[in-house]
>>> print(open('structure_37.txt').read())   # compact mmCIF, C-alpha atoms
# COMPACT_ATOMS: atom_id res chain seq x y z
CA MET A 1 14.91 19.40 0.12
CA SER A 2 12.04 21.01 2.07
CA GLU A 3 10.23 19.57 5.11
CA LYS A 4 7.10 18.82 3.11
CA ASN A 5 6.68 15.43 1.39
CA TRP A 6 6.00 16.55 -2.16
CA THR A 7 5.08 13.06 -3.30
CA SER A 8 2.39 12.45 -0.69
CA ARG A 9 -1.26 12.45 -1.86
CA THR A 10 -4.26 11.98 0.40
CA ILE A 11 -7.23 10.56 -1.44
CA LYS A 12 -10.69 10.89 0.03
CA ILE A 13 -12.93 7.83 -0.17
CA SER A 14 -16.10 6.67 1.54
CA LYS A 15 -15.94 6.21 5.32
CA LYS A 16 -17.82 2.95 4.80
CA TYR A 17 -14.65 1.22 3.60
CA ASN A 18 -12.82 -0.72 6.31
CA SER A 19 -9.04 -0.85 6.76
CA GLU A 20 -8.52 -4.00 4.66
CA GLU A 21 -10.57 -2.55 1.81
CA ARG A 22 -8.59 0.69 1.98
CA LYS A 23 -5.31 -1.29 1.67
CA ALA A 24 -6.58 -3.11 -1.41
CA ILE A 25 -7.83 0.19 -2.93
CA ALA A 26 -4.47 1.86 -2.20
CA ALA A 27 -2.66 -1.02 -3.94
CA GLN A 28 -4.88 -0.61 -7.01
CA ILE A 29 -4.29 3.17 -7.09
CA VAL A 30 -0.52 2.71 -6.80
CA ASN A 31 -0.55 0.17 -9.66
CA TYR A 32 -2.64 2.52 -11.77
CA ILE A 33 -0.24 5.42 -11.20
CA LYS A 34 2.77 3.24 -12.07
CA ASP A 35 1.21 1.94 -15.29
CA ARG A 36 0.03 5.39 -16.32
CA THR A 37 3.46 6.93 -15.71
CA LYS A 38 5.23 4.13 -17.60
CA ASN A 39 3.00 4.99 -20.55
CA GLY A 40 4.32 8.55 -20.47
CA LYS A 41 1.18 10.10 -19.02
CA GLY A 42 0.07 12.05 -15.97
CA LYS A 43 -3.21 12.96 -14.30
CA ASP A 44 -6.32 12.08 -16.31
CA ASN A 45 -4.12 9.81 -18.41
CA VAL A 46 -2.94 12.74 -20.47
CA LYS A 47 0.57 13.29 -21.89
CA TRP A 48 2.79 15.86 -20.20
CA THR A 49 2.44 19.43 -21.44
CA PRO A 50 5.44 21.10 -23.08
CA PRO A 51 8.23 21.51 -22.17
CA ALA A 52 7.73 18.66 -19.67
CA ASP A 53 6.87 16.33 -22.57
CA LYS A 54 10.53 16.14 -23.55
CA TYR A 55 13.66 15.21 -21.64
CA SER A 56 16.21 18.02 -21.31
CA LYS A 57 19.14 18.19 -23.76
CA GLU A 58 21.45 17.82 -20.77
CA TYR A 59 19.81 14.57 -19.64
CA LYS A 60 19.75 13.20 -23.18
CA LYS A 61 23.53 13.64 -23.41
CA SER A 62 24.11 11.86 -20.07
CA LEU A 63 25.47 8.35 -19.59
CA GLU A 64 22.26 7.41 -17.73
CA PHE A 65 20.06 8.24 -20.72
CA LYS A 66 21.94 5.65 -22.80
CA PHE A 67 20.62 2.95 -20.43
CA LYS A 68 16.94 3.89 -20.77
CA ALA A 69 14.94 1.08 -22.32
CA ASP A 70 12.38 3.34 -23.97
CA LYS A 71 13.87 6.65 -25.02
CA SER A 72 10.78 7.72 -26.96
CA LYS A 73 8.55 8.28 -23.93
CA VAL A 74 8.92 10.60 -20.97
CA ASN A 75 7.98 7.78 -18.62
CA LEU A 76 10.15 8.59 -15.58
CA THR A 77 11.63 5.11 -15.80
CA LEU A 78 15.30 4.26 -15.88
CA THR A 79 15.72 1.30 -13.50
CA GLY A 80 12.10 1.32 -12.33
CA ASP A 81 13.12 1.93 -8.73
CA MET A 82 11.42 5.30 -8.28
CA LEU A 83 8.01 4.02 -9.33
CA ASP A 84 8.53 0.84 -7.30
CA SER A 85 9.02 3.05 -4.23
CA ILE A 86 5.43 4.31 -4.25
CA LYS A 87 3.44 2.82 -1.39
CA MET A 88 0.57 3.44 1.00
CA LEU A 89 1.72 5.94 3.62
CA GLY A 90 -1.51 6.35 5.55
CA ASN A 91 -4.73 4.41 6.10
CA GLN A 92 -7.50 6.21 7.99
CA GLU A 93 -11.27 6.24 7.97
CA GLY A 94 -12.40 8.11 4.89
CA GLU A 95 -8.97 8.53 3.30
CA ILE A 96 -5.79 6.86 2.14
CA THR A 97 -2.42 8.46 1.62
CA ILE A 98 0.06 7.25 -0.98
CA GLY A 99 3.51 8.46 -1.87
CA ILE A 100 7.21 7.83 -1.37
CA PRO A 101 8.62 8.14 2.17
CA LYS A 102 11.06 11.06 2.57
CA SER A 103 13.61 8.57 3.93
CA ASP A 104 13.55 6.57 0.69
CA GLU A 105 16.66 6.89 -1.49
CA ASP A 106 14.47 7.58 -4.54
CA TYR A 107 12.42 10.33 -2.87
CA GLY A 108 14.65 13.11 -4.22
CA LYS A 109 14.11 12.05 -7.85
CA ALA A 110 10.37 11.98 -7.31
CA GLU A 111 10.32 15.42 -5.71
CA GLY A 112 12.44 16.77 -8.54
CA ASN A 113 9.94 15.58 -11.12
CA ILE A 114 6.87 16.74 -9.21
CA ARG A 115 8.24 20.23 -8.50
CA GLY A 116 10.12 20.59 -11.79
CA SER A 117 13.30 21.27 -9.81
CA TYR A 118 15.48 18.29 -10.84
CA GLY A 119 18.13 18.87 -8.22
CA LYS A 120 17.93 22.69 -8.25
CA PRO A 121 16.66 24.66 -5.25
CA ARG A 122 13.65 26.09 -7.10
CA GLY A 123 11.00 24.26 -9.08
CA SER A 124 9.58 25.29 -12.43
CA LEU A 125 5.87 24.58 -12.97
CA SER A 126 6.29 24.31 -16.72
CA LYS A 127 8.87 21.53 -16.28
CA ALA A 128 6.98 19.74 -13.51
CA ARG A 129 5.65 16.21 -13.97
CA ASP A 130 3.20 15.55 -11.19
CA PHE A 131 2.91 11.82 -11.69
CA MET A 132 1.39 11.15 -8.27
CA SER A 133 -1.95 12.96 -8.64
CA ILE A 134 -5.13 11.28 -9.77
CA SER A 135 -8.43 12.88 -10.78
CA ASN A 136 -11.84 12.06 -9.30
CA GLU A 137 -12.73 10.25 -12.51
CA GLU A 138 -9.63 8.06 -12.28
CA LYS A 139 -10.34 7.37 -8.61
CA ASN A 140 -13.97 6.48 -9.29
CA ASN A 141 -12.94 4.07 -12.06
CA ILE A 142 -10.74 2.23 -9.60
CA LEU A 143 -13.47 2.24 -6.94
CA LYS A 144 -15.86 0.44 -9.34
CA ASP A 145 -14.20 -2.76 -8.12
CA PHE A 146 -15.17 -1.88 -4.56
CA PRO A 147 -18.87 -0.88 -4.80
CA ILE A 148 -20.17 0.57 -1.54
CA LYS A 149 -23.57 -1.08 -1.96
CA ASP A 150 -22.18 -4.57 -2.57
CA GLU A 151 -20.39 -5.83 0.55
CA GLU A 152 -19.88 -9.30 -0.89
CA LYS A 153 -18.07 -8.00 -3.96
CA ARG A 154 -15.85 -5.83 -1.77
CA LYS A 155 -14.96 -8.82 0.45
CA GLU A 156 -14.21 -10.84 -2.65
CA MET A 157 -11.83 -8.13 -3.96
CA VAL A 158 -10.01 -8.01 -0.63
CA SER A 159 -9.65 -11.81 -0.66
CA ILE A 160 -8.34 -11.69 -4.22
CA TYR A 161 -5.82 -9.02 -3.29
CA LYS A 162 -4.57 -10.91 -0.19
CA ALA A 163 -4.35 -14.27 -1.94
CA ALA A 164 -2.50 -12.77 -4.93
CA LEU A 165 -0.02 -11.01 -2.63
CA ALA A 166 0.73 -14.22 -0.69
CA ALA A 167 1.14 -16.22 -3.90
CA ALA A 168 3.47 -13.62 -5.46
CA LYS A 169 5.70 -13.77 -2.36
CA LYS A 170 5.87 -17.57 -2.53
CA LEU A 171 6.74 -17.50 -6.23
CA THR A 172 9.68 -15.16 -5.70
CA GLY A 173 10.91 -16.20 -2.27
CA GLU A 174 12.09 -19.46 -0.86
CA LYS A 175 12.40 -22.61 -2.93
CA ARG A 176 9.06 -24.26 -3.60
CA PRO A 177 9.64 -27.30 -5.82
CA ALA A 178 6.02 -27.44 -6.94
CA LEU A 179 5.95 -23.88 -8.10
CA GLY A 180 8.18 -21.75 -10.29
CA GLU A 181 11.25 -20.34 -8.58
CA LEU A 182 13.82 -17.70 -9.33
CA VAL A 183 17.46 -18.70 -9.16
CA PHE A 184 20.59 -16.67 -9.76
CA GLU A 185 23.19 -19.16 -11.02
CA ARG A 186 26.78 -18.17 -10.51
CA GLU A 187 28.50 -21.14 -12.13
CA MET B 1 -21.89 -16.39 0.58
CA ASN B 2 -20.17 -15.59 3.89
CA ALA B 3 -16.66 -14.17 4.18
CA SER B 4 -14.86 -17.44 4.92
CA LYS B 5 -16.54 -19.22 1.99
CA VAL B 6 -15.55 -16.34 -0.31
CA PHE B 7 -11.96 -16.56 0.91
CA LEU B 8 -11.84 -20.37 0.45
CA LYS B 9 -13.18 -20.03 -3.08
CA ILE B 10 -10.53 -17.43 -3.92
CA GLN B 11 -7.81 -19.52 -2.28
CA ALA B 12 -8.79 -22.58 -4.36
CA GLY B 13 -8.79 -20.41 -7.48
CA ILE B 14 -5.36 -19.04 -6.80
CA GLU B 15 -3.90 -22.47 -6.03
CA ARG B 16 -5.13 -23.67 -9.41
CA ILE B 17 -3.59 -20.66 -11.18
CA VAL B 18 -0.30 -20.85 -9.29
CA LYS B 19 0.17 -24.60 -10.02
CA GLY B 20 0.40 -23.86 -13.72
CA TYR B 21 1.95 -20.42 -13.37
CA SER B 22 5.05 -19.70 -15.37
CA LEU B 23 7.53 -16.98 -14.47
CA SER B 24 8.87 -17.09 -18.05
CA PRO B 25 7.44 -13.69 -19.08
CA TYR B 26 9.66 -12.16 -16.44
CA ALA B 27 12.94 -13.89 -17.33
CA ASN B 28 14.29 -11.28 -19.73
CA GLU B 29 12.96 -8.42 -17.67
CA ILE B 30 14.77 -9.56 -14.53
CA ALA B 31 18.05 -9.97 -16.40
CA GLU B 32 17.62 -6.53 -17.99
CA ARG B 33 16.76 -4.89 -14.70
CA VAL B 34 19.90 -6.21 -13.00
CA ARG B 35 21.98 -5.17 -16.00
CA ARG B 36 20.52 -1.66 -16.12
CA ARG B 37 20.85 -1.07 -12.40
CA THR B 38 24.48 -2.16 -12.45
CA ARG B 39 25.23 0.04 -15.46
CA THR B 40 23.91 3.06 -13.57
CA GLY B 41 26.58 2.31 -10.97
CA TYR B 42 24.57 0.50 -8.31
CA GLY B 43 24.86 -2.90 -6.72
CA LEU B 44 23.49 -4.38 -3.51
CA ASP B 45 24.41 -3.75 0.09
CA VAL B 46 25.00 -7.48 0.65
CA ALA B 47 24.83 -10.51 -1.67
CA GLU B 48 21.27 -11.43 -0.70
CA ARG B 49 17.96 -11.29 -2.49
CA GLY B 50 16.00 -8.26 -1.33
CA ALA B 51 19.05 -6.33 -0.07
CA LYS B 52 19.12 -2.55 -0.33
CA LYS B 53 20.58 -0.92 -3.42
CA LYS B 54 24.01 0.61 -2.82
CA LYS B 55 26.40 2.59 -4.99
CA LEU B 56 29.15 0.29 -6.25
CA LYS B 57 32.50 0.75 -4.56
CA GLY B 58 34.44 3.35 -6.54
CA LEU B 59 37.55 2.80 -8.60
CA THR B 60 40.29 3.58 -6.14
CA SER B 61 43.38 2.90 -8.21
CA ASP B 62 44.60 5.92 -10.22
CA LYS B 63 46.72 3.46 -12.19
CA TYR B 64 43.61 1.50 -13.21
CA ILE B 65 41.68 4.65 -14.10
CA LYS B 66 44.59 5.74 -16.31
CA TYR B 67 44.59 2.25 -17.86
CA ARG B 68 40.89 2.58 -18.68
CA LYS B 69 41.36 5.94 -20.45
CA GLY B 70 41.87 5.26 -24.10
CA ARG B 71 41.08 1.55 -23.77
CA ILE B 72 37.34 1.71 -23.13
CA ASN B 73 35.62 0.70 -26.35
CA THR B 74 32.02 1.09 -25.25
CA SER B 75 29.84 4.15 -24.67
CA LEU B 76 28.36 2.47 -21.62
CA THR B 77 30.98 3.68 -19.18
CA LYS B 78 33.65 6.32 -18.54
CA PRO B 79 37.19 5.93 -17.14
CA LYS B 80 36.23 6.90 -13.55
CA LYS B 81 32.78 5.31 -13.57
CA SER B 82 32.39 2.24 -11.34
CA ASN B 83 29.67 0.21 -13.08
CA LEU B 84 31.41 -3.13 -13.74
CA THR B 85 31.84 -2.15 -17.36
CA PHE B 86 35.00 -2.12 -19.41
CA THR B 87 34.16 -3.87 -22.66
CA GLY B 88 30.50 -4.43 -21.80
CA GLN B 89 30.85 -8.22 -22.05
CA LEU B 90 30.10 -9.05 -18.39
CA LEU B 91 26.75 -7.31 -18.10
CA ASN B 92 25.73 -8.20 -21.65
CA ALA B 93 26.19 -11.84 -20.60
CA ILE B 94 23.43 -11.69 -17.94
CA THR B 95 20.65 -13.86 -19.31
CA GLY B 96 17.37 -15.33 -18.14
CA LYS B 97 16.38 -18.86 -19.12
CA ILE B 98 13.47 -21.11 -18.28
CA VAL B 99 14.17 -24.48 -16.65
CA GLY B 100 10.88 -26.28 -16.07
CA LYS B 101 8.74 -23.75 -14.24
CA SER B 102 11.72 -21.82 -12.93
CA ILE B 103 13.66 -18.84 -14.10
CA VAL B 104 17.42 -19.13 -13.90
CA ILE B 105 19.44 -15.94 -14.24
CA PHE B 106 22.93 -16.87 -15.33
CA LEU B 107 26.00 -15.49 -17.07
CA LYS B 108 26.75 -16.73 -20.55
CA GLU B 109 30.41 -17.63 -20.84
CA ASN B 110 31.02 -15.94 -24.17
CA ARG B 111 33.90 -13.56 -23.56
CA ASN B 112 36.55 -13.04 -26.24
CA ASP B 113 39.45 -12.56 -23.82
CA GLY B 114 39.70 -16.05 -22.27
CA VAL B 115 38.39 -14.87 -18.87
CA LYS B 116 35.30 -16.45 -17.25
CA ASN B 117 32.43 -14.16 -16.34
CA SER B 118 31.70 -16.24 -13.25
CA ASP B 119 35.30 -15.63 -12.07
CA ILE B 120 34.86 -11.88 -12.59
CA VAL B 121 31.64 -11.92 -10.55
CA LYS B 122 33.38 -13.80 -7.73
CA GLY B 123 36.30 -11.38 -7.83
CA GLN B 124 34.00 -8.36 -7.66
CA GLU B 125 31.97 -9.90 -4.83
CA ASP B 126 35.20 -10.54 -2.91
CA GLN B 127 35.88 -6.81 -3.23
CA GLY B 128 32.44 -5.97 -1.90
CA ARG B 129 30.72 -5.24 -5.21
CA HIS B 130 27.56 -7.33 -5.01
CA PHE B 131 25.25 -6.96 -7.97
CA PHE B 132 24.09 -10.39 -9.09
CA GLU B 133 20.72 -10.64 -7.30
CA LEU B 134 17.51 -8.66 -6.99
CA SER B 135 17.45 -5.61 -4.73
CA ASN B 136 14.51 -4.99 -2.37
CA LYS B 137 12.77 -2.69 -4.87
CA GLU B 138 13.42 -5.01 -7.81
CA LEU B 139 12.01 -7.92 -5.82
CA ASN B 140 8.95 -5.91 -4.76
CA GLY B 141 8.52 -4.70 -8.33
CA LEU B 142 8.54 -8.29 -9.62
CA ARG B 143 6.16 -9.44 -6.87
CA ASN B 144 3.85 -6.57 -7.70
CA GLN B 145 3.75 -7.51 -11.39
CA ILE B 146 2.98 -11.13 -10.53
CA LYS B 147 0.34 -10.01 -8.02
CA LYS B 148 -1.25 -7.74 -10.65
CA ASP B 149 -1.36 -10.60 -13.13
CA LEU B 150 -2.87 -13.00 -10.57
CA ILE B 151 -5.52 -10.44 -9.62
CA LYS B 152 -6.43 -9.99 -13.28
CA ARG B 153 -6.79 -13.77 -13.72
CA LEU B 154 -8.82 -14.19 -10.55
CA LYS B 155 -11.17 -11.34 -11.52
CA ARG B 156 -11.74 -13.03 -14.89
CA LYS B 157 -12.77 -16.26 -13.13
CA ARG B 158 -15.51 -14.50 -11.10
>>> encode(input="structure_37.txt", output="structure tokens")
Amino acid sequence: MSEKNWTSRTIKISKKYNSEERKAIAAQIVNYIKDRTKNGKGKDNVKWTPPADKYSKEYKKSLEFKFKADKSKVNLTLTGDMLDSIKMLGNQEGEITIGIPKSDEDYGKAEGNIRGSYGKPRGSLSKARDFMSISNEEKNNILKDFPIKDEEKRKEMVSIYKAALAAAKKLTGEKRPALGELVFERE
Amino acid sequence: MNASKVFLKIQAGIERIVKGYSLSPYANEIAERVRRRTRTGYGLDVAERGAKKKKLKGLTSDKYIKYRKGRINTSLTKPKKSNLTFTGQLLNAITGKIVGKSIVIFLKENRNDGVKNSDIVKGQEDQGRHFFELSNKELNGLRNQIKKDLIKRLKRKR
């Protein structure tokens, strides 16, 4: 693997957004990329171009391929761990950076897809699946929820994001008798 | 409306949604995710929710590997593969059910060889093969899905 983080993408946004707004925007972008990829699509919500639109014969014969839930789509999803590794890596005035940290155990898989290398030393552009990039149009669609000219709406979105995050943690964490809980029963 | 009023309004909205919130849509998905992860040969570092994923301890006994050759009757494993699969019954038994507002992930006791799945899990855990819980990424993935759903519902209420 090279020094460069091949999964990292810095997205330029207005300098008028504050840090909390940038975090909420980053979360929305990450979710968008995950959903788009799970649908078998890349940048601009378009299917992969051949030959990247098909899994290799070698991979299709592998034991791992048998476990894929949806074999019909090239959706870069086996266990879901690679896509669940995408996070905000940087938060600065005028830009946010998303990607998978190089230290993450799923980084290698992501780099392999983005470069078209799949474990080999050299990448092949024709086989590459750059699932991390988004177009300006995609970015602007997401930013519609955070209009620069409407401070109140932006504050509301940040509140929604924070409240939803806290509630999701409660629902999946410690026991809360009034709420749903998740239990692994061994006997 | 000032910032604190906005936040209080959102908080009240989310408390209303969460009171009636059901995790049931996620029950099968959680069971399937644990099953799939284990089949790829991975368990957890320790037997705790949110632990790091770790490759399952390999099959160290040559005698056992030889035993597996010719006896495996599923395409979901290979003789040397350590993925808690021999007949496929253990992992196929992982099931999600709804009890009230909760999800319970449990093992159906439906083996055809007289052995209990819960005993097999205990035996594997005693050998350091922890798999029956959510890893850190699985937990974050589930939280993220719930968060996405809550955001969608809160946006609709605006």
>>> residues_around(input="structure_37.txt", residues="A:Lys139", least_positions_apart="6", cutoff="9 Å", atoms="all atoms listed in the file", output="PyMOL selection string")
chain A and resi 11+13+29
>>> interface_residues(input="structure_37.txt", of="chain B", to="chain A", cutoff="6 Å", atoms="all atoms listed in the file", output="list in words")
Phe7, Arg37, Lys101, Ser102, Ile103, Val104, Ile105, Phe106, Ser118, Gly141, Arg143, Ile146, Lys147 and Leu150 of chain B
>>> atom_distance(input="structure_37.txt", atom1="atom CA of A:Ile134", atom2="atom CA of A:Gly42")
8.1 Å
>>> axis_aligned_box(input="structure_37.txt", around="stretch 148-160 of chain A", padding_each_side="4 Å", output="lines of an AutoDock Vina configuration file")
center_x = -16.0
center_y = -5.6
center_z = -1.8
size_x = 23.2
size_y = 20.4
size_z = 12.8
>>> residues_around(input="structure_37.txt", residues="B:Leu59", least_positions_apart="6", cutoff="10 Å", atoms="all atoms listed in the file", output="compact mmCIF listing (two decimals) with C-alpha atoms, in the frame of the given file")
# COMPACT_ATOMS: atom_id res chain seq x y z
CA ILE B 65 41.68 4.65 -14.10
CA PRO B 79 37.19 5.93 -17.14
CA LYS B 80 36.23 6.90 -13.55
CA LYS B 81 32.78 5.31 -13.57
CA SER B 82 32.39 2.24 -11.34
CA ASN B 83 29.67 0.21 -13.08
CA LEU B 84 31.41 -3.13 -13.74
>>> closest_residue(input="structure_37.txt", among="A:Arg122, A:Lys54, A:Lys149, A:Lys144", to="A:Ile25", atoms="only C-alpha atoms")
A:Lys144
>>> closest_residue(input="structure_37.txt", among="B:Leu154, B:Leu107, B:Ile94, B:Leu142", to="B:Val34", atoms="only C-alpha atoms")
B:Ile94
>>> closest_residue(input="structure_37.txt", among="B:Gln89, B:Ala47, B:Thr60, B:Asn136", to="B:Ile72", atoms="all atoms listed in the file")
B:Gln89
>>> closest_residue(input="structure_37.txt", among="A:Lys87, A:Lys16, A:Lys127, A:Lys38", to="A:Asp150", atoms="all atoms listed in the file")
A:Lys16
>>> atom_distance(input="structure_37.txt", atom1="atom CA of A:Lys102", atom2="atom CA of A:Asp70")
27.7 Å
>>> decode(input="structure_37.txt", residues="stretch 88-141 of chain B", atoms="C-alpha atoms", output="short mmCIF file (atom, residue, chain, number, x, y, z; two decimals), in the first residue's frame")
data_model
loop_
_atom_site.label_atom_id
_atom_site.label_comp_id
_atom_site.auth_asym_id
_atom_site.auth_seq_id
_atom_site.Cartn_x
_atom_site.Cartn_y
_atom_site.Cartn_z
CA GLY B 88 -24.08 -25.23 8.68
CA GLN B 89 -26.61 -25.86 11.46
CA LEU B 90 -25.08 -23.56 14.10
CA LEU B 91 -25.00 -20.37 12.08
CA ASN B 92 -28.27 -21.14 10.31
CA ALA B 93 -29.83 -21.27 13.80
CA ILE B 94 -29.05 -17.59 14.55
CA THR B 95 -32.43 -15.88 14.60
CA GLY B 96 -33.88 -12.51 15.53
CA LYS B 97 -37.23 -12.29 17.30
CA ILE B 98 -39.27 -9.45 18.71
CA VAL B 99 -40.19 -9.51 22.40
CA GLY B 100 -42.25 -6.43 23.22
CA LYS B 101 -40.19 -3.55 21.86
CA SER B 102 -36.94 -5.47 22.02
CA ILE B 103 -34.99 -7.57 19.61
CA VAL B 104 -33.63 -10.82 20.95
CA ILE B 105 -30.98 -12.59 18.90
CA PHE B 106 -30.98 -16.24 19.88
CA LEU B 107 -30.04 -19.68 18.62
CA LYS B 108 -32.82 -22.02 17.63
CA GLU B 109 -32.23 -25.44 19.11
CA ASN B 110 -33.03 -27.42 15.98
CA ARG B 111 -29.97 -29.56 15.36
CA ASN B 112 -30.36 -33.11 14.05
CA ASP B 113 -27.38 -34.55 15.94
CA GLY B 114 -28.59 -34.25 19.56
CA VAL B 115 -26.11 -31.45 20.39
CA LYS B 116 -27.27 -28.06 21.72
CA ASN B 117 -26.25 -24.97 19.79
CA SER B 118 -25.91 -23.02 23.03
CA ASP B 119 -23.37 -25.62 24.26
CA ILE B 120 -21.39 -25.27 21.02
CA VAL B 121 -21.32 -21.47 21.43
CA LYS B 122 -20.08 -21.82 25.01
CA GLY B 123 -17.44 -24.32 23.92
CA GLN B 124 -16.20 -22.03 21.16
CA GLU B 125 -16.16 -19.02 23.48
CA ASP B 126 -14.12 -21.04 25.99
CA GLN B 127 -11.60 -21.58 23.19
CA GLY B 128 -11.48 -17.87 22.45
CA ARG B 129 -13.79 -17.83 19.43
CA HIS B 130 -16.24 -15.06 20.26
CA PHE B 131 -18.78 -14.35 17.57
CA PHE B 132 -22.21 -14.03 19.14
CA GLU B 133 -22.50 -10.24 19.50
CA LEU B 134 -22.20 -7.14 17.35
CA SER B 135 -18.74 -5.88 16.43
CA ASN B 136 -17.91 -2.15 16.60
CA LYS B 137 -18.67 -1.63 12.91
CA GLU B 138 -21.85 -3.69 13.03
CA LEU B 139 -23.03 -1.68 16.03
CA ASN B 140 -22.17 1.62 14.35
CA GLY B 141 -23.84 0.43 11.16
#
